[in-house]
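Enquirer: Starting off with a structure, shown below.
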Amino acid sequence: MNIPNKITVSRICLIPFFMIVIMFDFGWGTMELFGAEMPVNHFVGALIFIIASVTDWVDGYYARKYNLVTNFGKFLDPLADKLLVSAALILLVEIDLADAWIVIIIISREFAVTGLRLILAGEGEVVAANQLGKIKTWAQIVAISALFLHNTIFTMMGIPFDDIALYVALFFTIWSGWDYFYLNRRVLLDSK
């Protein structure tokens, strides 16, 4: 278990804390931040989510810089991302900040790609996330953060950035999922 893998595991360990903070308000009340009013627990949860999300960049950077890329890391890193993003999206539906149909599409794509990864792993291939998958992940992180922060800053300008960001994330989710299946179509076509 090298340092990048430990960082990835720490991201997974932050998920329950993030969920608890969002689900229970603890009587912390509300706050205003750059024109947006939000429950304090949403702000704290957003900070935990952002910190957990940044560890994705940190572990990848560290693994590449010091040549610590492992098959375990290639498997665990995208899984940690999927767990964090799925938990956040489900919570956003629960607190009525995101439409369920968008969340269903995003999570369905994640399950489908994970299934394909398992098929590839059964054939001895471990596929790391490509550039389009990384763009998808960061688009999701930006959208989720904006939603938990109740569109702070952009509220003052009257721009529904949080909603726009969610649709951009949906677009990249669908595109990257299609791309992933297209690039690995031989696995599905060869299995009869």
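Following the order of the structure tokens, chains are lettered A, B, ..., residues in each are numbered from 1, and ligands are numbered from 1.
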I'd like a table as a Markdown table: residues in range 67-167 of chain A with an atom no more than 10 Å from range 15-26 of chain A, each row giving the shortest atom pair and its distance in Å to one decimal, only C-alpha atoms counted, sorted by chain and rising residue number.

Expert:
| residue | atom | partner | partner_atom | distance |
| --- | --- | --- | --- | --- |
| A:Ala80 | CA | A:Ile15 | CA | 9.3 |
| A:Leu83 | CA | A:Ile15 | CA | 7.9 |
| A:Leu84 | CA | A:Ile15 | CA | 6.1 |
| A:Val85 | CA | A:Ile15 | CA | 9.5 |
| A:Ala87 | CA | A:Met19 | CA | 7.3 |
| A:Ala88 | CA | A:Met19 | CA | 7.7 |
| A:Ile90 | CA | A:Met19 | CA | 9.9 |
| A:Leu91 | CA | A:Ile22 | CA | 7.4 |
| A:Leu92 | CA | A:Ile22 | CA | 9.2 |
| A:Glu94 | CA | A:Met23 | CA | 8.6 |
| A:Ile95 | CA | A:Met23 | CA | 8.3 |
| A:Phe148 | CA | A:Ile22 | CA | 9.1 |

Enquirer: Skipping near chain neighbours, those fewer than 3 positions away, what residues fall within 10 Å of range 116-121 of chain A using only C-alpha atoms, listed as a PDB file with all heavy atoms, in the first residue's frame?

Expert:
ATOM      1  N   PHE A  75      -7.407   0.516 -10.217  1.00  0.00           N
ATOM      2  CA  PHE A  75      -8.750   0.008  -9.895  1.00  0.00           C
ATOM      3  C   PHE A  75      -9.420   0.872  -8.834  1.00  0.00           C
ATOM      4  O   PHE A  75     -10.578   1.266  -8.964  1.00  0.00           O
ATOM      5  CB  PHE A  75      -8.652  -1.445  -9.411  1.00  0.00           C
ATOM      6  CG  PHE A  75      -9.920  -1.946  -8.783  1.00  0.00           C
ATOM      7  CD1 PHE A  75     -11.009  -2.287  -9.557  1.00  0.00           C
ATOM      8  CD2 PHE A  75     -10.037  -2.050  -7.406  1.00  0.00           C
ATOM      9  CE1 PHE A  75     -12.194  -2.733  -8.982  1.00  0.00           C
ATOM     10  CE2 PHE A  75     -11.205  -2.492  -6.814  1.00  0.00           C
ATOM     11  CZ  PHE A  75     -12.286  -2.834  -7.605  1.00  0.00           C
ATOM     12  N   GLU A 110     -21.953   5.139 -14.475  1.00  0.00           N
ATOM     13  CA  GLU A 110     -20.860   4.675 -13.620  1.00  0.00           C
ATOM     14  C   GLU A 110     -20.929   3.155 -13.412  1.00  0.00           C
ATOM     15  O   GLU A 110     -19.908   2.469 -13.462  1.00  0.00           O
ATOM     16  CB  GLU A 110     -20.873   5.413 -12.283  1.00  0.00           C
ATOM     17  CG  GLU A 110     -20.777   6.929 -12.373  1.00  0.00           C
ATOM     18  CD  GLU A 110     -19.554   7.459 -13.112  1.00  0.00           C
ATOM     19  OE1 GLU A 110     -18.572   6.712 -13.313  1.00  0.00           O
ATOM     20  OE2 GLU A 110     -19.589   8.626 -13.514  1.00  0.00           O
ATOM     21  N   PHE A 111     -22.137   2.631 -13.184  1.00  0.00           N
ATOM     22  CA  PHE A 111     -22.301   1.183 -13.046  1.00  0.00           C
ATOM     23  C   PHE A 111     -21.914   0.456 -14.335  1.00  0.00           C
ATOM     24  O   PHE A 111     -21.248  -0.577 -14.306  1.00  0.00           O
ATOM     25  CB  PHE A 111     -23.748   0.820 -12.681  1.00  0.00           C
ATOM     26  CG  PHE A 111     -24.042   0.882 -11.211  1.00  0.00           C
ATOM     27  CD1 PHE A 111     -24.913   1.839 -10.715  1.00  0.00           C
ATOM     28  CD2 PHE A 111     -23.468  -0.024 -10.332  1.00  0.00           C
ATOM     29  CE1 PHE A 111     -25.200   1.890  -9.356  1.00  0.00           C
ATOM     30  CE2 PHE A 111     -23.748   0.025  -8.974  1.00  0.00           C
ATOM     31  CZ  PHE A 111     -24.614   0.988  -8.482  1.00  0.00           C
ATOM     32  N   ALA A 112     -22.348   1.003 -15.469  1.00  0.00           N
ATOM     33  CA  ALA A 112     -22.065   0.362 -16.759  1.00  0.00           C
ATOM     34  C   ALA A 112     -20.561   0.314 -17.031  1.00  0.00           C
ATOM     35  O   ALA A 112     -20.028  -0.726 -17.446  1.00  0.00           O
ATOM     36  CB  ALA A 112     -22.795   1.099 -17.878  1.00  0.00           C
ATOM     37  N   VAL A 113     -19.878   1.420 -16.789  1.00  0.00           N
ATOM     38  CA  VAL A 113     -18.433   1.457 -17.021  1.00  0.00           C
ATOM     39  C   VAL A 113     -17.705   0.544 -16.038  1.00  0.00           C
ATOM     40  O   VAL A 113     -16.757  -0.149 -16.408  1.00  0.00           O
ATOM     41  CB  VAL A 113     -17.905   2.907 -16.959  1.00  0.00           C
ATOM     42  CG1 VAL A 113     -16.384   2.942 -16.898  1.00  0.00           C
ATOM     43  CG2 VAL A 113     -18.401   3.695 -18.155  1.00  0.00           C
ATOM     44  N   GLY A 124      -7.563  -9.787 -17.961  1.00  0.00           N
ATOM     45  CA  GLY A 124      -6.209  -9.379 -17.607  1.00  0.00           C
ATOM     46  C   GLY A 124      -5.864  -7.945 -17.942  1.00  0.00           C
ATOM     47  O   GLY A 124      -4.707  -7.549 -17.865  1.00  0.00           O
ATOM     48  N   GLU A 125      -6.853  -7.136 -18.286  1.00  0.00           N
ATOM     49  CA  GLU A 125      -6.607  -5.733 -18.614  1.00  0.00           C
ATOM     50  C   GLU A 125      -7.129  -4.833 -17.501  1.00  0.00           C
ATOM     51  O   GLU A 125      -8.265  -4.961 -17.081  1.00  0.00           O
ATOM     52  CB  GLU A 125      -7.318  -5.346 -19.919  1.00  0.00           C
ATOM     53  CG  GLU A 125      -6.789  -6.009 -21.160  1.00  0.00           C
ATOM     54  CD  GLU A 125      -7.516  -5.525 -22.398  1.00  0.00           C
ATOM     55  OE1 GLU A 125      -7.644  -4.295 -22.573  1.00  0.00           O
ATOM     56  OE2 GLU A 125      -7.958  -6.375 -23.177  1.00  0.00           O
ATOM     57  N   VAL A 126      -6.273  -3.942 -17.054  1.00  0.00           N
ATOM     58  CA  VAL A 126      -6.698  -2.910 -16.111  1.00  0.00           C
ATOM     59  C   VAL A 126      -6.563  -1.595 -16.846  1.00  0.00           C
ATOM     60  O   VAL A 126      -5.468  -1.206 -17.247  1.00  0.00           O
ATOM     61  CB  VAL A 126      -5.847  -2.908 -14.824  1.00  0.00           C
ATOM     62  CG1 VAL A 126      -6.286  -1.793 -13.891  1.00  0.00           C
ATOM     63  CG2 VAL A 126      -5.939  -4.255 -14.133  1.00  0.00           C
ATOM     64  N   VAL A 127      -7.680  -0.914 -17.059  1.00  0.00           N
ATOM     65  CA  VAL A 127      -7.681   0.303 -17.858  1.00  0.00           C
ATOM     66  C   VAL A 127      -7.791   1.515 -16.945  1.00  0.00           C
ATOM     67  O   VAL A 127      -8.746   1.645 -16.188  1.00  0.00           O
ATOM     68  CB  VAL A 127      -8.861   0.294 -18.866  1.00  0.00           C
ATOM     69  CG1 VAL A 127      -8.834   1.547 -19.734  1.00  0.00           C
ATOM     70  CG2 VAL A 127      -8.816  -0.962 -19.722  1.00  0.00           C
ATOM     71  N   ALA A 128      -6.791   2.374 -17.038  1.00  0.00           N
ATOM     72  CA  ALA A 128      -6.833   3.621 -16.267  1.00  0.00           C
ATOM     73  C   ALA A 128      -7.792   4.589 -16.952  1.00  0.00           C
ATOM     74  O   ALA A 128      -8.093   4.460 -18.140  1.00  0.00           O
ATOM     75  CB  ALA A 128      -5.441   4.230 -16.176  1.00  0.00           C
ATOM     76  N   TYR A 180     -15.942   5.270 -23.803  1.00  0.00           N
ATOM     77  CA  TYR A 180     -15.343   4.129 -23.110  1.00  0.00           C
ATOM     78  C   TYR A 180     -15.838   2.814 -23.714  1.00  0.00           C
ATOM     79  O   TYR A 180     -15.055   1.894 -23.967  1.00  0.00           O
ATOM     80  CB  TYR A 180     -15.678   4.198 -21.617  1.00  0.00           C
ATOM     81  CG  TYR A 180     -14.806   3.322 -20.767  1.00  0.00           C
ATOM     82  CD1 TYR A 180     -13.559   3.752 -20.333  1.00  0.00           C
ATOM     83  CD2 TYR A 180     -15.218   2.039 -20.401  1.00  0.00           C
ATOM     84  CE1 TYR A 180     -12.756   2.946 -19.559  1.00  0.00           C
ATOM     85  CE2 TYR A 180     -14.414   1.229 -19.625  1.00  0.00           C
ATOM     86  CZ  TYR A 180     -13.186   1.686 -19.207  1.00  0.00           C
ATOM     87  OH  TYR A 180     -12.389   0.878 -18.452  1.00  0.00           O
ATOM     88  N   PHE A 181     -17.136   2.742 -23.967  1.00  0.00           N
ATOM     89  CA  PHE A 181     -17.692   1.523 -24.563  1.00  0.00           C
ATOM     90  C   PHE A 181     -17.250   1.364 -26.015  1.00  0.00           C
ATOM     91  O   PHE A 181     -16.962   0.266 -26.465  1.00  0.00           O
ATOM     92  CB  PHE A 181     -19.226   1.503 -24.458  1.00  0.00           C
ATOM     93  CG  PHE A 181     -19.699   0.938 -23.157  1.00  0.00           C
ATOM     94  CD1 PHE A 181     -19.855   1.758 -22.052  1.00  0.00           C
ATOM     95  CD2 PHE A 181     -19.953  -0.420 -23.023  1.00  0.00           C
ATOM     96  CE1 PHE A 181     -20.263   1.241 -20.833  1.00  0.00           C
ATOM     97  CE2 PHE A 181     -20.375  -0.948 -21.816  1.00  0.00           C
ATOM     98  CZ  PHE A 181     -20.527  -0.118 -20.721  1.00  0.00           C
ATOM     99  N   ASN A 184     -13.687   0.084 -26.207  1.00  0.00           N
ATOM    100  CA  ASN A 184     -13.547  -1.294 -25.710  1.00  0.00           C
ATOM    101  C   ASN A 184     -14.620  -2.219 -26.276  1.00  0.00           C
ATOM    102  O   ASN A 184     -14.893  -3.282 -25.706  1.00  0.00           O
ATOM    103  CB  ASN A 184     -13.598  -1.294 -24.170  1.00  0.00           C
ATOM    104  CG  ASN A 184     -12.427  -0.545 -23.581  1.00  0.00           C
ATOM    105  OD1 ASN A 184     -11.298  -1.017 -23.627  1.00  0.00           O
ATOM    106  ND2 ASN A 184     -12.676   0.635 -23.051  1.00  0.00           N
ATOM    107  N   ARG A 185     -15.204  -1.838 -27.407  1.00  0.00           N
ATOM    108  CA  ARG A 185     -16.305  -2.604 -28.001  1.00  0.00           C
ATOM    109  C   ARG A 185     -15.913  -4.029 -28.370  1.00  0.00           C
ATOM    110  O   ARG A 185     -16.733  -4.932 -28.345  1.00  0.00           O
ATOM    111  CB  ARG A 185     -16.870  -1.878 -29.214  1.00  0.00           C
ATOM    112  CG  ARG A 185     -15.921  -1.777 -30.382  1.00  0.00           C
ATOM    113  CD  ARG A 185     -16.455  -0.810 -31.451  1.00  0.00           C
ATOM    114  NE  ARG A 185     -15.542  -0.662 -32.568  1.00  0.00           N
ATOM    115  CZ  ARG A 185     -14.466   0.105 -32.567  1.00  0.00           C
ATOM    116  NH1 ARG A 185     -14.155   0.795 -31.479  1.00  0.00           N
ATOM    117  NH2 ARG A 185     -13.688   0.185 -33.635  1.00  0.00           N
ATOM    118  N   VAL A 187     -14.412  -6.185 -26.712  1.00  0.00           N
ATOM    119  CA  VAL A 187     -14.665  -7.107 -25.591  1.00  0.00           C
ATOM    120  C   VAL A 187     -16.105  -7.580 -25.637  1.00  0.00           C
ATOM    121  O   VAL A 187     -16.395  -8.761 -25.424  1.00  0.00           O
ATOM    122  CB  VAL A 187     -14.366  -6.423 -24.237  1.00  0.00           C
ATOM    123  CG1 VAL A 187     -14.734  -7.300 -23.076  1.00  0.00           C
ATOM    124  CG2 VAL A 187     -12.906  -6.031 -24.166  1.00  0.00           C
ATOM    125  N   LEU A 188     -17.027  -6.657 -25.918  1.00  0.00           N
ATOM    126  CA  LEU A 188     -18.438  -7.023 -25.962  1.00  0.00           C
ATOM    127  C   LEU A 188     -18.775  -7.767 -27.240  1.00  0.00           C
ATOM    128  O   LEU A 188     -19.589  -8.689 -27.228  1.00  0.00           O
ATOM    129  CB  LEU A 188     -19.297  -5.764 -25.840  1.00  0.00           C
ATOM    130  CG  LEU A 188     -19.117  -4.970 -24.539  1.00  0.00           C
ATOM    131  CD1 LEU A 188     -19.897  -3.674 -24.601  1.00  0.00           C
ATOM    132  CD2 LEU A 188     -19.540  -5.786 -23.339  1.00  0.00           C
ATOM    133  N   SER A 191     -17.338 -11.521 -27.148  1.00  0.00           N
ATOM    134  CA  SER A 191     -17.896 -12.456 -26.175  1.00  0.00           C
ATOM    135  C   SER A 191     -19.245 -12.973 -26.660  1.00  0.00           C
ATOM    136  O   SER A 191     -20.249 -12.288 -26.645  1.00  0.00           O
ATOM    137  CB  SER A 191     -18.060 -11.787 -24.811  1.00  0.00           C
ATOM    138  OG  SER A 191     -18.873 -10.665 -24.911  1.00  0.00           O
TER     139      SER A 191
END

Enquirer: Pick out the closest residue to Val40 in chain A from this set: A:Ile102, A:Ile164, A:Leu149, A:Met156. Count only C-alpha atoms.

Expert: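 So, comparing all the options, the nearest one is A:Leu149.
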
Enquirer: Excluding same-chain residues fewer than 2 positions from range 49-65 of chain A, what lies within 10 Å of it counting only C-alpha atoms, as a JSON list (two decimals) with N, CA, C and O atoms, in the first residue's frame?

Expert:
[["chain", "number", "residue", "atom", "x", "y", "z"],
["A", 2, "ASN", "N", 1.08, 1.84, -1.18],
["A", 2, "ASN", "CA", 1.93, 3.02, -1.28],
["A", 2, "ASN", "C", 1.15, 4.29, -0.91],
["A", 2, "ASN", "O", -0.06, 4.24, -0.65],
["A", 3, "ILE", "N", 1.84, 5.43, -0.90],
["A", 3, "ILE", "CA", 1.22, 6.68, -0.46],
["A", 3, "ILE", "C", 0.03, 7.09, -1.35],
["A", 3, "ILE", "O", -1.02, 7.44, -0.81],
["A", 4, "PRO", "N", 0.14, 7.04, -2.69],
["A", 4, "PRO", "CA", -1.05, 7.40, -3.49],
["A", 4, "PRO", "C", -2.26, 6.52, -3.18],
["A", 4, "PRO", "O", -3.39, 7.02, -3.11],
["A", 5, "ASN", "N", -2.04, 5.22, -2.95],
["A", 5, "ASN", "CA", -3.16, 4.34, -2.62],
["A", 5, "ASN", "C", -3.74, 4.68, -1.25],
["A", 5, "ASN", "O", -4.95, 4.59, -1.04],
["A", 6, "LYS", "N", -2.88, 5.08, -0.31],
["A", 6, "LYS", "CA", -3.37, 5.50, 1.01],
["A", 6, "LYS", "C", -4.21, 6.77, 0.90],
["A", 6, "LYS", "O", -5.22, 6.92, 1.58],
["A", 7, "ILE", "N", -3.80, 7.67, 0.02],
["A", 7, "ILE", "CA", -4.58, 8.90, -0.20],
["A", 7, "ILE", "C", -5.94, 8.54, -0.78],
["A", 7, "ILE", "O", -6.97, 9.09, -0.38],
["A", 8, "THR", "N", -5.96, 7.59, -1.71],
["A", 8, "THR", "CA", -7.22, 7.15, -2.31],
["A", 8, "THR", "C", -8.13, 6.54, -1.25],
["A", 8, "THR", "O", -9.33, 6.82, -1.21],
["A", 9, "VAL", "N", -7.57, 5.71, -0.39],
["A", 9, "VAL", "CA", -8.35, 5.10, 0.69],
["A", 9, "VAL", "C", -8.89, 6.18, 1.62],
["A", 9, "VAL", "O", -10.04, 6.11, 2.08],
["A", 10, "SER", "N", -8.10, 7.23, 1.87],
["A", 10, "SER", "CA", -8.58, 8.32, 2.74],
["A", 10, "SER", "C", -9.78, 9.01, 2.11],
["A", 10, "SER", "O", -10.69, 9.46, 2.83],
["A", 11, "ARG", "N", -9.81, 9.09, 0.77],
["A", 11, "ARG", "CA", -10.96, 9.69, 0.08],
["A", 11, "ARG", "C", -12.22, 8.87, 0.36],
["A", 11, "ARG", "O", -13.27, 9.41, 0.63],
["A", 12, "ILE", "N", -12.07, 7.56, 0.31],
["A", 12, "ILE", "CA", -13.21, 6.68, 0.60],
["A", 12, "ILE", "C", -13.66, 6.84, 2.05],
["A", 12, "ILE", "O", -14.85, 6.88, 2.34],
["A", 13, "CYS", "N", -12.70, 6.99, 2.95],
["A", 13, "CYS", "CA", -13.02, 7.13, 4.38],
["A", 13, "CYS", "C", -13.73, 8.45, 4.70],
["A", 13, "CYS", "O", -14.46, 8.54, 5.69],
["A", 14, "LEU", "N", -13.53, 9.46, 3.88],
["A", 14, "LEU", "CA", -14.20, 10.75, 4.10],
["A", 14, "LEU", "C", -15.69, 10.70, 3.73],
["A", 14, "LEU", "O", -16.47, 11.53, 4.20],
["A", 15, "ILE", "N", -16.08, 9.74, 2.90],
["A", 15, "ILE", "CA", -17.47, 9.69, 2.41],
["A", 15, "ILE", "C", -18.49, 9.59, 3.54],
["A", 15, "ILE", "O", -19.47, 10.36, 3.55],
["A", 17, "PHE", "N", -18.32, 10.62, 6.65],
["A", 17, "PHE", "CA", -18.35, 11.89, 7.37],
["A", 17, "PHE", "C", -19.10, 12.95, 6.55],
["A", 17, "PHE", "O", -19.91, 13.70, 7.09],
["A", 18, "PHE", "N", -18.81, 12.98, 5.27],
["A", 18, "PHE", "CA", -19.49, 13.90, 4.36],
["A", 18, "PHE", "C", -21.00, 13.65, 4.38],
["A", 18, "PHE", "O", -21.80, 14.59, 4.50],
["A", 19, "MET", "N", -21.40, 12.40, 4.31],
["A", 19, "MET", "CA", -22.82, 12.05, 4.30],
["A", 19, "MET", "C", -23.52, 12.45, 5.60],
["A", 19, "MET", "O", -24.61, 13.01, 5.57],
["A", 43, "PHE", "N", -22.61, 23.88, 3.70],
["A", 43, "PHE", "CA", -21.31, 24.49, 3.48],
["A", 43, "PHE", "C", -20.18, 23.58, 3.97],
["A", 43, "PHE", "O", -19.20, 23.35, 3.25],
["A", 44, "VAL", "N", -20.33, 23.06, 5.18],
["A", 44, "VAL", "CA", -19.30, 22.17, 5.74],
["A", 44, "VAL", "C", -19.19, 20.90, 4.90],
["A", 44, "VAL", "O", -18.09, 20.43, 4.59],
["A", 45, "GLY", "N", -20.34, 20.34, 4.50],
["A", 45, "GLY", "CA", -20.33, 19.16, 3.64],
["A", 45, "GLY", "C", -19.65, 19.43, 2.32],
["A", 45, "GLY", "O", -18.90, 18.59, 1.81],
["A", 46, "ALA", "N", -19.90, 20.62, 1.74],
["A", 46, "ALA", "CA", -19.24, 20.99, 0.48],
["A", 46, "ALA", "C", -17.73, 21.05, 0.65],
["A", 46, "ALA", "O", -16.98, 20.58, -0.22],
["A", 47, "LEU", "N", -17.28, 21.59, 1.78],
["A", 47, "LEU", "CA", -15.83, 21.65, 2.03],
["A", 47, "LEU", "C", -15.23, 20.25, 2.14],
["A", 47, "LEU", "O", -14.16, 19.98, 1.58],
["A", 67, "ASN", "N", 6.51, 7.46, -9.99],
["A", 67, "ASN", "CA", 6.36, 6.15, -10.64],
["A", 67, "ASN", "C", 5.80, 5.09, -9.68],
["A", 67, "ASN", "O", 6.35, 4.00, -9.53],
["A", 68, "LEU", "N", 4.70, 5.46, -9.02],
["A", 68, "LEU", "CA", 4.06, 4.57, -8.05],
["A", 68, "LEU", "C", 2.69, 4.10, -8.55],
["A", 68, "LEU", "O", 1.81, 3.77, -7.75],
["A", 69, "VAL", "N", 2.52, 4.08, -9.86],
["A", 69, "VAL", "CA", 1.26, 3.63, -10.45],
["A", 69, "VAL", "C", 1.16, 2.11, -10.30],
["A", 69, "VAL", "O", 2.08, 1.39, -10.68],
["A", 70, "THR", "N", 0.07, 1.65, -9.71],
["A", 70, "THR", "CA", -0.14, 0.21, -9.51],
["A", 70, "THR", "C", -1.49, -0.19, -10.08],
["A", 70, "THR", "O", -2.37, 0.66, -10.28],
["A", 73, "GLY", "N", -4.09, 0.74, -7.64],
["A", 73, "GLY", "CA", -4.44, 2.15, -7.72],
["A", 73, "GLY", "C", -5.31, 2.45, -8.92],
["A", 73, "GLY", "O", -6.25, 3.25, -8.85],
["A", 74, "LYS", "N", -5.02, 1.81, -10.07],
["A", 74, "LYS", "CA", -5.82, 2.01, -11.27],
["A", 74, "LYS", "C", -7.25, 1.53, -11.05],
["A", 74, "LYS", "O", -8.19, 2.07, -11.64],
["A", 77, "ASP", "N", -8.73, 4.00, -7.57],
["A", 77, "ASP", "CA", -8.93, 5.43, -7.77],
["A", 77, "ASP", "C", -10.26, 5.75, -8.45],
["A", 77, "ASP", "O", -11.04, 6.56, -7.93],
["A", 78, "PRO", "N", -10.58, 5.13, -9.61],
["A", 78, "PRO", "CA", -11.89, 5.43, -10.20],
["A", 78, "PRO", "C", -13.06, 4.95, -9.34],
["A", 78, "PRO", "O", -14.12, 5.57, -9.33],
["A", 80, "ALA", "N", -13.12, 4.96, -6.03],
["A", 80, "ALA", "CA", -13.28, 5.99, -4.99],
["A", 80, "ALA", "C", -14.03, 7.20, -5.53],
["A", 80, "ALA", "O", -14.91, 7.75, -4.87],
["A", 81, "ASP", "N", -13.69, 7.60, -6.76],
["A", 81, "ASP", "CA", -14.39, 8.72, -7.40],
["A", 81, "ASP", "C", -15.87, 8.41, -7.55],
["A", 81, "ASP", "O", -16.73, 9.25, -7.27],
["A", 84, "LEU", "N", -17.70, 8.49, -4.15],
["A", 84, "LEU", "CA", -17.86, 9.86, -3.65],
["A", 84, "LEU", "C", -18.91, 10.62, -4.46],
["A", 84, "LEU", "O", -19.82, 11.23, -3.88],
["A", 85, "VAL", "N", -18.82, 10.56, -5.77],
["A", 85, "VAL", "CA", -19.76, 11.28, -6.63],
["A", 85, "VAL", "C", -21.17, 10.71, -6.48],
["A", 85, "VAL", "O", -22.14, 11.47, -6.39],
["A", 88, "ALA", "N", -22.68, 11.85, -3.21],
["A", 88, "ALA", "CA", -23.02, 13.28, -3.28],
["A", 88, "ALA", "C", -24.28, 13.50, -4.11],
["A", 88, "ALA", "O", -25.17, 14.27, -3.71],
["A", 134, "LYS", "N", -11.48, 11.90, -17.11],
["A", 134, "LYS", "CA", -11.01, 12.86, -16.10],
["A", 134, "LYS", "C", -11.79, 14.18, -16.20],
["A", 134, "LYS", "O", -12.14, 14.78, -15.18],
["A", 137, "THR", "N", -15.11, 13.60, -14.62],
["A", 137, "THR", "CA", -15.02, 13.60, -13.15],
["A", 137, "THR", "C", -14.94, 15.02, -12.61],
["A", 137, "THR", "O", -15.66, 15.38, -11.67],
["A", 138, "TRP", "N", -14.11, 15.85, -13.20],
["A", 138, "TRP", "CA", -13.98, 17.23, -12.71],
["A", 138, "TRP", "C", -15.23, 18.05, -12.99],
["A", 138, "TRP", "O", -15.60, 18.91, -12.18],
["A", 141, "ILE", "N", -17.50, 17.14, -10.23],
["A", 141, "ILE", "CA", -17.06, 17.73, -8.97],
["A", 141, "ILE", "C", -17.44, 19.21, -8.89],
["A", 141, "ILE", "O", -17.93, 19.69, -7.87],
["A", 142, "VAL", "N", -17.23, 19.94, -9.99],
["A", 142, "VAL", "CA", -17.58, 21.36, -10.02],
["A", 142, "VAL", "C", -19.09, 21.53, -9.84],
["A", 142, "VAL", "O", -19.54, 22.36, -9.04],
["A", 144, "ILE", "N", -21.34, 19.44, -8.49],
["A", 144, "ILE", "CA", -21.76, 19.03, -7.14],
["A", 144, "ILE", "C", -21.39, 20.09, -6.12],
["A", 144, "ILE", "O", -22.19, 20.45, -5.25],
["A", 145, "SER", "N", -20.18, 20.61, -6.22],
["A", 145, "SER", "CA", -19.74, 21.66, -5.28],
["A", 145, "SER", "C", -20.62, 22.89, -5.39],
["A", 145, "SER", "O", -21.05, 23.45, -4.37],
["A", 148, "PHE", "N", -24.05, 22.13, -3.73],
["A", 148, "PHE", "CA", -24.01, 22.13, -2.26],
["A", 148, "PHE", "C", -23.77, 23.52, -1.70],
["A", 148, "PHE", "O", -24.20, 23.84, -0.59]]

Enquirer: My list of candidates is A:Trp101, A:Leu33, A:Ala143, A:Asn71. Which is closest to Pro160 in chain A when distances are computed with only C-alpha atoms?

Expert: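 Of all the options, A:Ala143 lies closest to Pro160 in chain A.
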
Enquirer: Here is a test: counting only C-alpha atoms, which residue of A:Leu189, A:Ala139, A:Ile106, A:Met1 is nearest to Gly177 in chain A?

Expert: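 With only C-alpha atoms as the atom set, the closest residue is A:Ile106.
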
Enquirer: Could you pull out all residues of chain A with a DSSP call of alpha helix (DSSP H) and give them as an MDAnalysis selection string?

Expert: chainID A and resid 3:23 40:65 71:94 100:122 131:148 154:157 161:183 185:190

Enquirer: Please return, as a list in words, all residues of range 28-64 of chain A that DSSP assigns to strand (DSSP E or B) on the basis of the backbone.

Expert: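 Matching residues, listed in order: Thr30, Met31, Glu32, Leu33, Ala36, Glu37, Met38 and Pro39 of chain A.
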
Enquirer: Pick from A:Met157, A:Met31, A:Leu132, A:Leu147: nearest to Trp178 in chain A, with only C-alpha atoms counted?

Expert: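 Of A:Met157, A:Met31, A:Leu132, A:Leu147, the one nearest Trp178 in chain A is A:Leu132, counting only C-alpha atoms.
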